[in-house]
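Chemist: Take a look at the following structure, please.
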Amino acid sequence: MKRNFLMGAAALASLATLSACGGGAGSDANAPAATETTAAAVEAPAAPAAPAAEAGATMEFASMTTDVAAGEKVFALCRSCHVLDDGVNRVGPSLYNVVGRKSGSVAGFSYSDANKNSGVTWTTDVLFKYLEDPKGFMPGTKMAFPGIKDAQDRANLVAYLESTKK
Ligand code: HEC
């Protein structure tokens, strides 16, 4: 995302450079300068690539644009263990009104100590982080799910969960 944005910005900058040079292209003396400037602008995207990838790792849910309908499809990954109906526990606890809920609070579900005592509240931001790597976020959880690495898929899913709040 960020990376595309940066590359897009670089491309725009390159276009701006071209048109700026085009404006002053009356004399032959300007021509070599225009070529040099353009070459520098084209190389530019290579440098920001690494910092952009690092920025992706610390992405916040609030900074993402989400798609609820796409998130509903991602929820297929959860359905084998969770349903959204109130009070219906499967392998995992009901995810009814999960956004804003205190962890370990569904009656009748036998939580691990890790989950029960985590003290976490499932805000959108916390869910976004947890679902990337549940066991990394909550060592000792018995949720056997490897996580969703794609930040966009995860953000869409969290937005979907939020949309189901009653
Ligand atoms: C293989 C079964 C399984 C899958 C798949 C699964 N979960 Fe879970 N989930 C669990 C179990 C079991 C727990 C209880 C963990 C514990 O007590 O340590 C849990 C707990 C949770 C909790 C904490 C609930 C609470 O009340 O504290 C959330 C939130 C959650 N899962 C969301 C999800 C989402 C969203 C997905 C899909 C991306 C998903 N889970 C996929 C089994 C699963």
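Labels used: A, B, ... for chains in the order of the structure tokens, numbers from 1 for residues in each chain, and numbers from 1 for ligands as shown.
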Could you give me the residues within 6 Å of ligand 1, counting only C-alpha atoms and all ligand atoms, as a PyMOL selection string?

Modeler: chain A and resi 75+77-78+80-81+91-93+103-106+111-112+114-115+141-145

Chemist: Go ahead and write the selection's residues with N, CA and C atoms as a JSON list (two decimals), in the first residue's frame.

Modeler:
```
[["chain", "number", "residue", "atom", "x", "y", "z"],
["A", 75, "PHE", "N", -13.87, -13.88, 6.92],
["A", 75, "PHE", "CA", -14.40, -14.54, 8.12],
["A", 75, "PHE", "C", -14.58, -16.05, 7.91],
["A", 77, "LEU", "N", -12.40, -17.99, 7.33],
["A", 77, "LEU", "CA", -11.25, -18.60, 8.02],
["A", 77, "LEU", "C", -11.57, -18.88, 9.49],
["A", 78, "CYS", "N", -12.56, -18.22, 10.04],
["A", 78, "CYS", "CA", -12.90, -18.33, 11.46],
["A", 78, "CYS", "C", -14.07, -19.27, 11.69],
["A", 80, "SER", "N", -14.93, -22.24, 11.04],
["A", 80, "SER", "CA", -14.80, -23.63, 11.48],
["A", 80, "SER", "C", -14.80, -23.70, 13.01],
["A", 81, "CYS", "N", -14.49, -22.61, 13.67],
["A", 81, "CYS", "CA", -14.41, -22.62, 15.13],
["A", 81, "CYS", "C", -15.31, -21.59, 15.82],
["A", 91, "VAL", "N", -15.73, -24.69, 18.86],
["A", 91, "VAL", "CA", -14.36, -24.92, 19.32],
["A", 91, "VAL", "C", -13.85, -23.64, 20.01],
["A", 92, "GLY", "N", -14.24, -22.50, 19.46],
["A", 92, "GLY", "CA", -13.93, -21.20, 20.06],
["A", 92, "GLY", "C", -15.20, -20.54, 20.57],
["A", 93, "PRO", "N", -15.04, -19.52, 21.38],
["A", 93, "PRO", "CA", -16.21, -18.84, 21.96],
["A", 93, "PRO", "C", -16.99, -18.06, 20.90],
["A", 103, "SER", "N", -11.77, -9.74, 27.04],
["A", 103, "SER", "CA", -11.35, -11.10, 26.69],
["A", 103, "SER", "C", -11.81, -12.08, 27.78],
["A", 104, "GLY", "N", -12.08, -13.28, 27.32],
["A", 104, "GLY", "CA", -12.42, -14.34, 28.27],
["A", 104, "GLY", "C", -13.76, -14.17, 28.98],
["A", 105, "SER", "N", -14.68, -13.45, 28.37],
["A", 105, "SER", "CA", -15.91, -13.11, 29.10],
["A", 105, "SER", "C", -17.16, -13.86, 28.64],
["A", 106, "VAL", "N", -17.02, -14.80, 27.69],
["A", 106, "VAL", "CA", -18.22, -15.51, 27.23],
["A", 106, "VAL", "C", -18.56, -16.64, 28.20],
["A", 111, "TYR", "N", -12.05, -21.20, 28.66],
["A", 111, "TYR", "CA", -10.87, -20.49, 28.12],
["A", 111, "TYR", "C", -9.57, -21.04, 28.72],
["A", 112, "SER", "N", -8.50, -20.82, 28.00],
["A", 112, "SER", "CA", -7.16, -21.03, 28.57],
["A", 112, "SER", "C", -6.93, -19.90, 29.58],
["A", 114, "ALA", "N", -4.35, -18.13, 29.66],
["A", 114, "ALA", "CA", -3.73, -17.04, 28.90],
["A", 114, "ALA", "C", -4.79, -16.08, 28.39],
["A", 115, "ASN", "N", -5.84, -16.63, 27.81],
["A", 115, "ASN", "CA", -6.91, -15.78, 27.27],
["A", 115, "ASN", "C", -7.72, -15.15, 28.40],
["A", 141, "THR", "N", -2.31, -19.06, 24.34],
["A", 141, "THR", "CA", -3.70, -19.20, 23.90],
["A", 141, "THR", "C", -3.89, -20.57, 23.25],
["A", 142, "LYS", "N", -5.09, -21.11, 23.40],
["A", 142, "LYS", "CA", -5.35, -22.40, 22.75],
["A", 142, "LYS", "C", -6.05, -22.22, 21.41],
["A", 143, "MET", "N", -6.12, -20.98, 20.95],
["A", 143, "MET", "CA", -6.66, -20.77, 19.60],
["A", 143, "MET", "C", -5.62, -21.23, 18.59],
["A", 144, "ALA", "N", -5.94, -22.35, 17.91],
["A", 144, "ALA", "CA", -5.00, -22.93, 16.96],
["A", 144, "ALA", "C", -5.21, -22.30, 15.59],
["A", 145, "PHE", "N", -4.73, -21.11, 15.46],
["A", 145, "PHE", "CA", -4.89, -20.37, 14.21],
["A", 145, "PHE", "C", -3.60, -19.60, 13.95]]
```

Chemist: Hey, what's within 9 Å of Gly147 (chain A) if we count only C-alpha atoms and toss same-chain stuff fewer than 6 positions away? As JSON, numbers by chain, please?

Modeler: {"A": [130, 131, 132, 133, 134, 135]}

Chemist: Would you save the residues of that selection, restricted to C-alpha atoms, as a compact mmCIF listing (two decimals), in the first residue's frame?

Modeler:
```
# COMPACT_ATOMS: atom_id res chain seq x y z
CA TYR A 130 -3.94 -10.20 17.66
CA LEU A 131 -5.17 -11.71 14.39
CA GLU A 132 -1.81 -11.19 12.69
CA ASP A 133 -0.20 -13.69 15.05
CA PRO A 134 -2.50 -14.91 17.85
CA LYS A 135 0.13 -16.99 19.63
```

Chemist: Counting only C-alpha atoms, which residue out of A:Leu127, A:Ala155, A:Ala107, A:Ala62 sits closest to Asn89 (chain A)?

Modeler: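 Among A:Leu127, A:Ala155, A:Ala107, A:Ala62, it is A:Ala107 that comes nearest to Asn89 (chain A).
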
Chemist: Can you check which residues of region 52-122 of chain A DSSP gives as helix (DSSP H, G or I) on the backbone and send them as a list of chain:residue names?

Modeler: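 Put together, the selection reads A:Ala52, A:Ala53, A:Glu54, A:Ala55, A:Gly56, A:Ala57, A:Phe61, A:Ala62, A:Ser63, A:Val68, A:Ala69, A:Ala70, A:Gly71, A:Glu72, A:Lys73, A:Val74, A:Phe75, A:Ala76, A:Leu77, A:Asp113, A:Ala114, A:Asn115, A:Lys116.
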
Chemist: Residues at most 9 Å from Met64 (chain A), counting only C-alpha atoms, excluding those fewer than 3 positions away in the same chain, as a ChimeraX atom specification?

Modeler: /A:59-61,151-152,155-156

Chemist: Which one of A:Lys149, A:Lys166, A:Lys116, A:Arg154 sits closest to Thr65 (chain A) if you count only C-alpha atoms?

Modeler: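 Result for the nearest residue to Thr65 (chain A): A:Arg154.
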